[in-house]
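**Student:** The following file, work-v8.txt, comprises compact mmCIF, C-alpha atoms and all ligand atoms:
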# COMPACT_ATOMS: atom_id res chain seq x y z
CA MET A 895 68.95 188.29 90.01
CA LYS A 896 66.44 185.47 89.71
CA HIS A 897 63.86 185.26 86.92
CA THR A 898 60.91 182.96 87.44
CA VAL A 899 60.16 180.57 84.60
CA TYR A 900 57.27 178.12 84.95
CA TRP A 901 57.94 174.79 83.28
CA ILE A 902 55.80 171.82 82.36
CA GLU A 903 57.73 168.59 82.00
CA GLY A 904 55.45 166.96 79.44
CA ASP A 905 54.73 163.33 78.62
CA GLY A 906 56.67 160.65 76.71
CA ILE A 907 60.16 161.95 76.00
CA GLY A 908 59.42 165.12 78.06
CA PRO A 909 61.47 164.13 81.14
CA GLU A 910 64.47 163.06 79.03
CA ILE A 911 64.67 166.21 76.93
CA TRP A 912 64.21 168.36 80.05
CA ASN A 913 67.12 166.63 81.80
CA VAL A 914 69.31 167.97 79.02
CA THR A 915 67.65 171.31 78.42
CA ARG A 916 67.60 172.90 81.85
CA PRO A 917 71.32 172.60 82.64
CA VAL A 918 72.24 173.92 79.17
CA LEU A 919 69.96 176.97 79.48
CA ASP A 920 71.20 177.64 83.02
CA ALA A 921 74.85 177.38 81.98
CA ALA A 922 74.40 179.63 78.94
CA LEU A 923 72.74 182.30 81.07
CA LYS A 924 75.41 182.04 83.73
CA ALA A 925 78.26 182.23 81.21
CA THR A 926 76.87 185.26 79.39
CA THR A 927 75.88 187.29 82.46
CA GLN A 928 78.87 186.40 84.67
CA GLY A 929 76.48 184.64 87.00
CA GLU A 930 74.43 187.78 87.64
CA HIS A 931 71.20 186.29 86.29
CA GLU A 932 69.62 182.95 87.11
CA ILE A 933 66.41 181.19 86.26
CA ASN A 934 64.15 180.25 89.14
CA TRP A 935 62.51 177.14 87.66
CA VAL A 936 59.02 176.48 89.08
CA GLU A 937 57.33 173.30 87.92
CA LEU A 938 53.67 173.26 86.94
CA LEU A 939 51.83 169.99 86.60
CA ALA A 940 50.05 168.99 83.40
CA GLY A 941 49.51 165.78 81.44
CA GLU A 942 50.15 162.27 82.72
CA LYS A 943 52.30 163.41 85.64
CA ALA A 944 49.47 165.67 86.78
CA VAL A 945 46.97 162.83 86.49
CA ARG A 946 49.26 160.63 88.60
CA LEU A 947 49.75 163.24 91.30
CA THR A 948 46.42 165.10 91.34
CA GLY A 949 43.90 163.09 89.30
CA SER A 950 43.51 165.90 86.77
CA PRO A 951 45.46 166.42 83.50
CA LEU A 952 45.29 170.19 83.90
CA PRO A 953 44.99 170.99 87.63
CA GLN A 954 43.41 174.24 88.78
CA GLU A 955 46.67 175.26 90.45
CA THR A 956 48.45 175.14 87.08
CA LEU A 957 45.73 177.25 85.50
CA ASP A 958 45.75 179.77 88.37
CA THR A 959 49.53 180.16 88.19
CA LEU A 960 49.63 180.52 84.41
CA ALA A 961 46.92 183.18 84.66
CA THR A 962 49.43 185.48 86.35
CA ALA A 963 52.64 184.21 84.67
CA SER A 964 54.56 186.03 81.97
CA VAL A 965 56.99 183.30 80.85
CA ALA A 966 56.46 179.53 80.76
CA ILE A 967 57.88 176.64 78.73
CA LYS A 968 56.50 173.19 78.14
CA GLY A 969 57.51 169.80 76.89
CA PRO A 970 55.11 167.83 74.65
CA LEU A 971 51.78 166.80 76.10
CA GLY A 972 49.96 163.69 74.97
CA THR A 973 46.29 163.86 74.14
CA PRO A 974 44.50 162.32 77.15
CA VAL A 975 42.65 159.16 76.25
CA GLY A 976 39.19 158.65 77.74
CA GLY A 977 37.38 161.94 77.51
CA GLY A 978 37.53 165.13 79.52
CA ILE A 979 39.81 167.47 77.62
CA ARG A 980 40.03 167.17 73.82
CA SER A 981 43.65 168.35 73.74
CA LEU A 982 45.69 169.90 76.52
CA ASN A 983 47.51 172.11 74.05
CA VAL A 984 44.25 173.44 72.65
CA ALA A 985 42.89 173.89 76.19
CA LEU A 986 45.95 175.95 77.15
CA ARG A 987 45.70 178.07 74.00
CA GLN A 988 42.02 178.76 74.53
CA THR A 989 42.14 179.33 78.30
CA PHE A 990 44.93 181.88 78.05
CA ASP A 991 43.99 183.39 74.70
CA LEU A 992 47.41 182.53 73.26
CA TYR A 993 46.49 184.09 69.96
CA ALA A 994 49.86 184.17 68.20
CA CYS A 995 51.73 180.97 67.38
CA ILE A 996 55.26 181.99 66.46
CA ARG A 997 57.76 179.72 64.72
CA PRO A 998 61.16 180.84 63.49
CA VAL A 999 62.39 178.64 60.64
CA SER A 1000 65.98 178.53 59.48
CA TRP A 1001 68.41 175.87 58.40
CA PHE A 1002 71.17 174.43 60.54
CA GLN A 1003 74.21 173.69 58.45
CA GLY A 1004 74.76 169.95 58.26
CA ILE A 1005 71.10 168.93 58.57
CA SER A 1006 69.93 167.07 55.49
CA THR A 1007 67.01 168.61 53.63
CA PRO A 1008 65.06 167.93 50.42
CA VAL A 1009 65.91 171.31 48.81
CA LYS A 1010 69.05 172.68 47.15
CA HIS A 1011 69.28 175.92 49.08
CA PRO A 1012 67.93 175.51 52.58
CA GLU A 1013 70.22 178.33 53.73
CA ARG A 1014 67.97 180.79 51.91
CA VAL A 1015 65.11 180.09 54.32
CA ASN A 1016 65.08 182.48 57.25
CA MET A 1017 61.50 183.22 58.17
CA VAL A 1018 59.45 183.78 61.29
CA ILE A 1019 55.87 182.56 61.05
CA PHE A 1020 53.10 184.34 62.97
CA ARG A 1021 50.01 182.17 62.85
CA GLU A 1022 46.65 183.33 64.24
CA ASN A 1023 45.61 180.77 66.81
CA THR A 1024 42.02 181.44 67.83
CA GLU A 1025 39.78 181.78 64.75
CA ASP A 1026 39.23 180.50 61.22
CA VAL A 1027 37.91 177.02 60.40
CA TYR A 1028 39.89 175.84 63.44
CA ALA A 1029 37.47 177.54 65.84
CA GLY A 1030 35.80 174.14 66.24
CA ILE A 1031 32.36 175.14 64.90
CA GLU A 1032 31.59 172.15 62.73
CA TYR A 1033 28.56 169.91 62.30
CA ALA A 1034 28.55 166.40 60.89
CA ALA A 1035 26.49 165.62 57.80
CA GLY A 1036 23.00 164.43 58.62
CA THR A 1037 22.90 165.88 62.15
CA GLU A 1038 20.04 168.08 63.26
CA GLN A 1039 22.42 171.06 63.56
CA ALA A 1040 23.81 170.67 60.03
CA GLU A 1041 20.33 170.20 58.57
CA LYS A 1042 18.95 173.26 60.39
CA LEU A 1043 21.93 175.41 59.51
CA GLY A 1044 21.82 174.30 55.86
CA ALA A 1045 18.10 175.03 55.65
CA PHE A 1046 18.55 178.43 57.29
CA LEU A 1047 21.31 179.45 54.88
CA ARG A 1048 19.32 178.21 51.88
CA ASP A 1049 15.98 179.72 52.90
CA GLU A 1050 17.17 183.00 54.41
CA PHE A 1051 20.22 183.85 52.32
CA GLY A 1052 19.68 181.82 49.17
CA ALA A 1053 22.98 180.04 49.78
CA ASN A 1054 23.75 177.15 47.49
CA ILE A 1055 24.30 174.31 49.97
CA ARG A 1056 23.65 170.70 49.05
CA GLU A 1057 21.34 168.59 51.17
CA ALA A 1058 23.21 166.42 53.68
CA SER A 1059 26.28 168.68 53.77
CA ALA A 1060 28.69 168.63 56.66
CA ILE A 1061 29.12 172.27 57.60
CA GLY A 1062 32.05 174.13 59.17
CA ILE A 1063 32.08 177.81 60.05
CA LYS A 1064 35.01 180.15 59.42
CA PRO A 1065 34.77 183.16 61.72
CA MET A 1066 37.49 185.80 61.32
CA THR A 1067 37.41 189.18 63.00
CA GLU A 1068 39.10 192.51 62.55
CA PHE A 1069 40.07 192.35 66.23
CA ALA A 1070 41.95 189.05 66.00
CA SER A 1071 43.47 189.74 62.59
CA ARG A 1072 44.78 193.14 63.65
CA ARG A 1073 46.35 191.95 66.88
CA LEU A 1074 48.15 189.14 65.06
CA VAL A 1075 49.52 191.37 62.29
CA ARG A 1076 50.38 194.04 64.89
CA ARG A 1077 52.51 191.49 66.74
CA ALA A 1078 54.23 190.43 63.52
CA ILE A 1079 55.07 194.01 62.55
CA GLN A 1080 56.31 194.80 66.05
CA TYR A 1081 58.53 191.71 65.90
CA ALA A 1082 59.99 192.78 62.55
CA LEU A 1083 60.72 196.24 63.96
CA ASP A 1084 62.22 194.93 67.20
CA ASN A 1085 64.50 192.55 65.33
CA GLY A 1086 65.45 194.78 62.40
CA LEU A 1087 63.78 192.51 59.83
CA PRO A 1088 63.02 193.80 56.32
CA SER A 1089 59.42 192.77 55.60
CA VAL A 1090 56.13 191.36 56.84
CA THR A 1091 54.10 189.34 54.33
CA ILE A 1092 50.38 188.84 54.89
CA VAL A 1093 49.49 185.42 53.46
CA HIS A 1094 45.82 184.91 52.64
CA LYS A 1095 43.35 183.38 50.21
CA GLY A 1096 41.38 186.59 49.81
CA ASN A 1097 40.91 186.12 46.06
CA ILE A 1098 38.45 183.32 46.85
CA MET A 1099 37.32 183.94 50.45
CA LYS A 1100 36.87 187.67 50.09
CA PHE A 1101 35.45 188.60 53.47
CA THR A 1102 37.32 186.24 55.80
CA GLU A 1103 40.78 185.88 54.22
CA GLY A 1104 40.32 189.11 52.27
CA GLY A 1105 39.37 190.77 55.55
CA PHE A 1106 42.58 189.48 57.13
CA ARG A 1107 44.58 191.10 54.33
CA ALA A 1108 42.72 194.41 54.50
CA TRP A 1109 42.87 194.61 58.30
CA GLY A 1110 46.55 193.76 58.17
CA TYR A 1111 47.27 196.66 55.84
CA ASP A 1112 45.05 198.89 58.02
CA VAL A 1113 47.01 198.14 61.17
CA ALA A 1114 50.29 198.76 59.34
CA ARG A 1115 49.10 202.12 58.00
CA GLU A 1116 47.29 203.35 61.11
CA GLU A 1117 49.68 202.20 63.83
CA PHE A 1118 53.03 201.90 62.07
CA GLY A 1119 52.58 204.36 59.20
CA ASP A 1120 55.95 206.06 59.73
CA VAL A 1121 58.01 202.87 59.98
CA THR A 1122 56.32 200.63 57.39
CA ILE A 1123 55.52 200.98 53.70
CA PRO A 1124 53.31 198.83 51.44
CA GLU A 1125 55.36 196.99 48.80
CA LYS A 1126 53.40 198.65 45.96
CA GLU A 1127 54.44 202.12 47.14
CA ALA A 1128 58.01 201.23 48.05
CA THR A 1129 60.93 202.68 46.08
CA PRO A 1130 64.61 202.49 47.03
CA GLU A 1131 64.39 206.15 48.09
CA ASN A 1132 61.32 206.01 50.33
CA SER A 1133 61.73 202.62 51.96
CA ALA A 1134 65.16 202.78 53.60
CA GLY A 1135 64.94 201.56 57.19
CA LYS A 1136 61.24 200.75 56.85
CA VAL A 1137 59.50 197.40 57.13
CA ILE A 1138 57.92 196.57 53.76
CA ILE A 1139 54.39 195.18 54.02
CA LYS A 1140 53.65 192.61 51.32
CA ASP A 1141 50.79 190.25 50.73
CA ARG A 1142 50.68 186.98 48.88
CA ILE A 1143 47.92 184.55 47.99
CA ALA A 1144 48.51 181.41 50.03
CA ASP A 1145 49.07 178.99 47.13
CA ALA A 1146 51.52 181.40 45.50
CA MET A 1147 53.31 181.70 48.83
CA PHE A 1148 54.00 177.96 48.85
CA GLN A 1149 55.73 178.39 45.48
CA GLU A 1150 57.59 181.46 46.61
CA ALA A 1151 58.78 179.65 49.72
CA LEU A 1152 60.47 177.10 47.46
CA ILE A 1153 61.62 179.35 44.64
CA ARG A 1154 62.52 182.66 46.32
CA PRO A 1155 62.56 182.07 50.09
CA ASP A 1156 65.14 184.81 50.61
CA GLN A 1157 62.53 187.42 49.62
CA TYR A 1158 60.51 186.68 52.74
CA SER A 1159 61.18 187.37 56.38
CA VAL A 1160 58.18 187.60 58.74
CA LEU A 1161 54.94 185.92 57.62
CA ALA A 1162 51.52 186.73 59.13
CA LEU A 1163 48.82 184.15 58.45
CA PRO A 1164 45.35 183.06 59.48
CA ASN A 1165 45.11 179.80 61.39
CA LEU A 1166 44.75 177.22 58.59
CA ASN A 1167 47.31 178.74 56.20
CA GLY A 1168 49.65 179.11 59.14
CA ASP A 1169 49.32 175.48 60.10
CA TYR A 1170 50.14 174.32 56.57
CA ILE A 1171 53.09 176.59 55.94
CA SER A 1172 54.66 175.90 59.35
CA ASP A 1173 55.14 172.24 58.53
CA ALA A 1174 56.06 172.87 54.88
CA LEU A 1175 58.81 175.31 55.82
CA ALA A 1176 60.02 173.09 58.64
CA ALA A 1177 60.37 170.25 56.11
CA GLN A 1178 62.30 172.55 53.79
CA VAL A 1179 65.00 173.07 56.44
CA GLY A 1180 65.10 169.45 57.59
CA GLY A 1181 62.02 168.53 59.54
CA LEU A 1182 60.06 169.34 62.64
CA GLY A 1183 62.50 167.69 65.03
CA MET A 1184 64.44 170.89 65.66
CA ALA A 1185 61.72 173.51 65.21
CA PRO A 1186 61.19 175.82 68.18
CA GLY A 1187 57.91 177.55 68.90
CA MET A 1188 56.00 179.82 71.21
CA ASN A 1189 52.40 180.81 71.77
CA MET A 1190 51.66 184.29 73.05
CA SER A 1191 48.82 186.27 74.54
CA ASP A 1192 49.22 189.91 75.52
CA THR A 1193 50.55 188.82 78.93
CA LEU A 1194 51.91 185.26 78.65
CA ALA A 1195 54.61 183.78 76.39
CA LEU A 1196 54.41 179.98 76.43
CA PHE A 1197 57.41 178.38 74.72
CA GLU A 1198 57.20 174.76 73.59
CA ALA A 1199 58.84 171.89 71.81
CA THR A 1200 56.83 171.65 68.60
CA HIS A 1201 56.99 167.86 68.23
CA GLY A 1202 54.80 165.42 70.14
CA THR A 1203 55.55 162.97 72.93
CA ALA A 1204 57.33 160.48 70.60
CA PRO A 1205 55.98 157.48 72.53
CA THR A 1206 58.14 154.96 70.68
CA ALA A 1207 61.34 156.83 71.64
CA ALA A 1208 60.32 157.47 75.26
CA GLY A 1209 62.48 155.92 77.97
CA LYS A 1210 65.28 154.94 75.54
CA ASP A 1211 67.49 158.00 75.96
CA ILE A 1212 67.49 158.58 72.19
CA ALA A 1213 65.24 161.64 71.92
CA ASN A 1214 66.50 164.80 70.28
CA PRO A 1215 66.22 167.70 72.75
CA GLY A 1216 66.86 170.26 69.95
CA SER A 1217 63.34 171.66 69.68
CA LEU A 1218 62.99 172.23 73.43
CA LEU A 1219 66.50 173.69 73.64
CA LEU A 1220 65.88 176.08 70.77
CA SER A 1221 62.53 177.05 72.30
CA GLY A 1222 64.49 177.71 75.49
CA ALA A 1223 66.88 179.87 73.48
CA LEU A 1224 63.94 181.83 72.11
CA MET A 1225 62.73 182.22 75.67
CA LEU A 1226 66.10 183.56 76.80
CA ARG A 1227 66.01 186.08 73.95
CA HIS A 1228 62.46 187.08 74.91
CA MET A 1229 63.62 187.56 78.51
CA GLY A 1230 66.32 189.96 77.36
CA PHE A 1231 69.31 187.61 77.13
CA PRO A 1232 70.14 187.40 73.41
CA GLU A 1233 73.79 186.42 74.03
CA ALA A 1234 72.69 183.40 76.07
CA ALA A 1235 70.23 182.47 73.32
CA GLU A 1236 72.99 182.67 70.69
CA LYS A 1237 75.26 180.55 72.84
CA VAL A 1238 72.70 177.75 73.00
CA LYS A 1239 72.09 177.91 69.26
CA ASN A 1240 75.80 177.97 68.47
CA ALA A 1241 76.42 174.96 70.72
CA ILE A 1242 73.83 172.98 68.76
CA LEU A 1243 75.34 174.16 65.45
CA ALA A 1244 78.79 173.08 66.63
CA ALA A 1245 77.57 169.64 67.71
CA ILE A 1246 75.94 169.18 64.31
CA ALA A 1247 79.12 170.33 62.55
CA GLU A 1248 81.10 167.77 64.58
CA LYS A 1249 78.48 165.17 63.66
CA THR A 1250 77.85 164.07 67.20
CA VAL A 1251 74.07 164.10 67.26
CA THR A 1252 71.08 162.09 68.45
CA PRO A 1253 70.12 159.06 66.32
CA ASP A 1254 67.27 160.80 64.46
CA LEU A 1255 69.71 163.37 63.07
CA ALA A 1256 72.59 160.91 62.65
CA ALA A 1257 70.38 158.71 60.45
CA GLU A 1258 70.13 161.60 57.97
CA MET A 1259 73.83 162.51 57.95
CA GLU A 1260 76.91 160.87 56.48
CA ASN A 1261 79.55 159.57 58.91
CA ALA A 1262 77.76 160.89 61.96
CA ARG A 1263 78.30 159.42 65.42
CA PRO A 1264 74.93 158.85 67.07
CA VAL A 1265 74.96 159.74 70.75
CA SER A 1266 72.33 159.37 73.44
CA CYS A 1267 70.14 162.25 74.54
CA THR A 1268 72.17 162.42 77.77
CA GLU A 1269 75.51 162.46 75.98
CA PHE A 1270 74.30 165.07 73.50
CA GLY A 1271 73.39 167.18 76.54
CA LYS A 1272 76.88 166.76 78.01
CA ILE A 1273 78.46 167.83 74.72
CA LEU A 1274 76.27 170.92 74.57
CA LEU A 1275 76.95 171.73 78.20
CA SER A 1276 80.69 171.68 77.58
CA LYS A 1277 80.19 174.15 74.73
CA VAL A 1278 78.06 176.72 76.56
CA GLN A 1279 80.07 176.97 79.77
P1 LIG A 1301 55.42 162.98 67.49
O1 LIG A 1301 55.98 164.32 67.17
O2 LIG A 1301 55.40 162.60 68.93
O3 LIG A 1301 56.23 161.86 66.71
C1 LIG A 1301 56.36 161.85 65.28
C2 LIG A 1301 57.66 161.09 64.91
O4 LIG A 1301 58.79 161.91 65.20
C3 LIG A 1301 57.88 159.81 65.69
O5 LIG A 1301 58.57 158.92 64.87
C4 LIG A 1301 58.78 160.24 66.84
O6 LIG A 1301 59.56 159.21 67.37
C5 LIG A 1301 59.64 161.31 66.17
N1 LIG A 1301 60.06 162.38 67.10
C6 LIG A 1301 59.31 163.41 67.56
N2 LIG A 1301 60.01 164.17 68.38
C7 LIG A 1301 61.24 163.63 68.45
C8 LIG A 1301 62.43 163.98 69.15
N3 LIG A 1301 62.49 165.06 69.94
N4 LIG A 1301 63.50 163.17 69.04
C9 LIG A 1301 63.47 162.10 68.25
N5 LIG A 1301 62.38 161.73 67.55
C10 LIG A 1301 61.27 162.47 67.65
O7 LIG A 1301 53.94 162.95 66.88
P2 LIG A 1301 52.77 161.89 67.09
O8 LIG A 1301 53.32 160.50 67.15
O9 LIG A 1301 51.76 162.23 66.07
O10 LIG A 1301 52.10 162.25 68.50
C11 LIG A 1301 52.37 161.58 69.73
C12 LIG A 1301 51.60 162.29 70.84
O11 LIG A 1301 52.09 163.65 70.97
C13 LIG A 1301 50.08 162.40 70.63
O12 LIG A 1301 49.43 162.19 71.86
C14 LIG A 1301 49.89 163.84 70.17
O13 LIG A 1301 48.61 164.33 70.50
C15 LIG A 1301 50.98 164.56 70.94
N6 LIG A 1301 51.44 165.81 70.33
C16 LIG A 1301 51.71 166.84 71.17
C17 LIG A 1301 52.22 168.03 70.67
C18 LIG A 1301 52.55 169.12 71.65
O14 LIG A 1301 52.50 168.92 72.85
N7 LIG A 1301 52.90 170.30 71.18
C19 LIG A 1301 52.44 168.23 69.24
C20 LIG A 1301 52.17 167.05 68.44
C21 LIG A 1301 51.67 165.90 68.98
Output the file's structure in the form of structure tokens.
**Tutor:**
Amino acid sequence: MKHTVYWIEGDGIGPEIWNVTRPVLDAALKATTQGEHEINWVELLAGEKAVRLTGSPLPQETLDTLATASVAIKGPLGTPVGGGIRSLNVALRQTFDLYACIRPVSWFQGISTPVKHPERVNMVIFRENTEDVYAGIEYAAGTEQAEKLGAFLRDEFGANIREASAIGIKPMTEFASRRLVRRAIQYALDNGLPSVTIVHKGNIMKFTEGGFRAWGYDVAREEFGDVTIPEKEATPENSAGKVIIKDRIADAMFQEALIRPDQYSVLALPNLNGDYISDALAAQVGGLGMAPGMNMSDTLALFEATHGTAPTAAGKDIANPGSLLLSGALMLRHMGFPEAAEKVKNAILAAIAEKTVTPDLAAEMENARPVSCTEFGKILLSKVQ
């Protein structure tokens, strides 16, 4: 049986990490399904390659195909220089309403990290992707828009805004907050995870961040009332088998993530908090280089390497394909092939344990043997077959 996966090569190190990733994913799927399932890889053009071949960084054909696709995976895309699209990644997120950015974060034994107990981190971050101060509604100080808006807020609402302020707007809706928290709870249920923590700054921003918290609890109570329980009501007797819904103020969550990470499993956050904690947690387990990610709408799951195009490494066969491979493993799991996903992850773990890794990882390990991207791929391939 063939399963169509649309793939975007990406810029910079994109082609190199793809050369390694595709054969490993194919082999893992073949080995775990006795050859009964295969991926039908269909390339979509975006980025520099698309400019070269079509003149556009995001051709209409790519957009039309993604509009009907259910699974796609992309390498890193550079930000086009010289106008047009601000960022291809943002354009993709907005065009396809990819409202949930999902990042699992856990430690790989052998990777050096700045904390004593990286093994205690095992969290999946659900970050809202479409609202908050990241909605792009922002006016520079001194512009006509900022002056008018400032005057309006002062005169009409008595708001205390200094003259010559730069002004950004933070829209957050019940609709977007609920669908994000709904996804996080569903994920916890599907994967047998113990809790979902709503992370917010509702003590200060009562209606936006506080709204996110309240709407999150609402969706848990109204749609998952029989399988979830708020932390405050939970006792050992009434919470067995249920997902516990917690909430934490964002700054406290950063402390908790360092002090008691094992108390947290799935996190649901608005856009800005989610951005911050994603990188902080990634650093806690040894950096962004290996972090997988996906962005989801209700119909499309777009998996991606979370790092950029690494222009200085491009063309040298030294890039680490780990993030794209692990995103591919997430994709296999999403497609219903958890054994194949585990196989890919275990191959990477084994390569790290044997200390044959790409130079970026080797530089952080003692007595490691740095290998090229291509050789790393061959090692992984031998382990998944
Ligand atoms: P970057 O992630 O490309 O590089 C940061 C540092 O990490 C560099 O030292 C780089 O060599 C290293 N690095 C990153 N990935 C690596 C890998 N797989 N193996 C070995 N080393 C790796 O971030 P930077 O330099 O800020 O951005 C470069 C370009 O990538 C920009 O055009 C940016 O807009 C774009 N970008 C795209 C993203 C995406 O497509 N999701 C995410 C972040 C940046």
**Student:** As JSON, please: the centre and edge lengths in Å, to one decimal, of an axis-aligned box enclosing every listed atom of ligand LIG 1301 (chain A) with 4 Å added on each side.
**Tutor:**
{"center_x": 56.1, "center_y": 164.6, "center_z": 68.9, "size_x": 22.9, "size_y": 19.4, "size_z": 16.0}
**Student:** Please produce, as a Markdown table, a per-residue contact table for segment 944-1061 of chain A versus segment 1156-1173 of chain A (criterion: any atom at most 10 Å away, all atoms listed in the file considered), showing the nearest atom pair and its distance in Å to one decimal, sorted by chain then residue number.
**Tutor:**
| residue | atom | partner | partner_atom | distance |
| --- | --- | --- | --- | --- |
| A:Tyr993 | CA | A:Asn1165 | CA | 9.7 |
| A:Ala994 | CA | A:Asn1165 | CA | 9.4 |
| A:Cys995 | CA | A:Gly1168 | CA | 8.7 |
| A:Ile996 | CA | A:Ser1172 | CA | 9.4 |
| A:Arg997 | CA | A:Ser1172 | CA | 7.3 |
| A:Pro998 | CA | A:Val1160 | CA | 8.8 |
| A:Val999 | CA | A:Ser1172 | CA | 8.3 |
| A:His1011 | CA | A:Asp1156 | CA | 9.9 |
| A:Pro1012 | CA | A:Asp1156 | CA | 9.9 |
| A:Glu1013 | CA | A:Asp1156 | CA | 8.8 |
| A:Arg1014 | CA | A:Asp1156 | CA | 5.1 |
| A:Val1015 | CA | A:Asp1156 | CA | 6.0 |
| A:Asn1016 | CA | A:Ser1159 | CA | 6.3 |
| A:Met1017 | CA | A:Ser1159 | CA | 4.5 |
| A:Val1018 | CA | A:Val1160 | CA | 4.8 |
| A:Ile1019 | CA | A:Leu1161 | CA | 4.9 |
| A:Phe1020 | CA | A:Ala1162 | CA | 4.8 |
| A:Arg1021 | CA | A:Gly1168 | CA | 4.8 |
| A:Glu1022 | CA | A:Asn1165 | CA | 4.8 |
| A:Asn1023 | CA | A:Asn1165 | CA | 5.5 |
| A:Thr1024 | CA | A:Asn1165 | CA | 7.3 |
| A:Glu1025 | CA | A:Asn1165 | CA | 6.6 |
| A:Asp1026 | CA | A:Asn1165 | CA | 5.9 |
| A:Val1027 | CA | A:Leu1166 | CA | 7.1 |
| A:Tyr1028 | CA | A:Asn1165 | CA | 6.9 |
| A:Ala1029 | CA | A:Asn1165 | CA | 9.1 |
**Student:** Find the residue from A:Ile911, A:Ile1212, A:Ile1273, A:Ala1235 that sits nearest to Gly969 of chain A; use only C-alpha atoms when measuring.
**Tutor:**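 Residue with the minimum atom-to-atom distance to Gly969 of chain A: A:Ile911.
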**Student:** What does the structure give for the distance between atom CA of Ala1204 of chain A and atom CA of His1228 of chain A, in Å to one decimal?
**Tutor:**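 Between atom CA of Ala1204 of chain A and atom CA of His1228 of chain A the gap is 27.4 Å.
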**Student:** Of the candidates A:Thr1102, A:Thr1203, A:Ser1059, A:Ser1000, which shows the shortest atom-to-atom distance to ligand LIG 1301 (chain A), using all atoms listed in the file?
**Tutor:** A:Thr1203
**Student:** Counting all atoms listed in the file, which of A:Glu1269, A:Glu1117, A:Asp1254, A:Glu1248 gets nearest to ligand LIG 1301 (chain A)?
**Tutor:**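 Answer, going by the shortest atom-to-atom distance: A:Asp1254.
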**Student:** Would you mind listing the residues within 7 Å of ligand LIG 1301 (chain A), counting only C-alpha atoms and all ligand atoms, as a list in words?
**Tutor:**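 The residues within 7 Å of ligand LIG 1301 (chain A), counting only C-alpha atoms and all ligand atoms, are Gly969, Pro970, Leu971, Gly972, Thr973, Asn983, Gly1183, Glu1198, Ala1199, Thr1200, His1201, Gly1202, Thr1203, Ala1204, Pro1205, Thr1206, Ala1207, Ile1212, Ala1213, Asn1214, Pro1215, Gly1216, Ser1217 and Asp1254 of chain A.
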**Student:** Which distance in Å separates atom CA of Gly908 of chain A and atom CA of Gly1209 of chain A, to one decimal?
**Tutor:**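 Atom CA of Gly1209 of chain A lies 9.7 Å from atom CA of Gly908 of chain A.
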**Student:** For a test of reading the model, state the distance in Å between atom CA of Leu1255 of chain A and atom CA of Glu903 of chain A, rounded to one decimal.
**Tutor:**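 Going from atom CA of Leu1255 of chain A over to atom CA of Glu903 of chain A, I get 23.0 Å.
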**Student:** Could you tell me which of A:Gln988, A:Lys1277, A:Lys1126, A:Ser1006 comes closest to Met1190 of chain A if we count all atoms listed in the file?
**Tutor:**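 Answer, going by the shortest atom-to-atom distance: A:Gln988.
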**Student:** When you count all atoms listed in the file, which of these residues is closest to Ala1078 of chain A: A:Val1009, A:Leu947, A:Ala963, A:Val1113?
**Tutor:** A:Val1113
**Student:** Here is a test: counting all atoms listed in the file, which residue of A:Gly1222, A:Pro1264, A:Gly1036, A:Pro1232 is nearest to Tyr900 of chain A?
**Tutor:**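 So, comparing all the options, the nearest one is A:Gly1222.
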**Student:** For Ser1133 of chain A, please output as a PyMOL selection string all residues within 10 Å (counting only C-alpha atoms; exclusion window: fewer than 5 positions along the same chain).
**Tutor:** chain A and resi 1088+1121-1125+1127-1128+1138
**Student:** Tell me, as a PyMOL selection string, which residues lie within 10 Å of Trp912 of chain A, counting all atoms listed in the file; anything in the same chain fewer than 4 positions away does not count.
**Tutor:** chain A and resi 901-904+907-908+916-918+968-969+1215+1218-1219+1271
**Student:** What's the 12 Å shell around Asp1112 of chain A, counting all atoms listed in the file, without same-chain residues fewer than 3 positions away, as a PyMOL selection string?
**Tutor:** chain A and resi 1068-1069+1071-1073+1075-1076+1092+1105-1109+1115-1119+1122-1124+1139
**Student:** Please identify all polymer residues within 12 Å of Lys1042 of chain A, counting only C-alpha atoms, omitting same-chain residues fewer than 3 positions from it, and present them as a ChimeraX atom specification.
**Tutor:** /A:1033-1039,1045-1050,1055,1057-1061
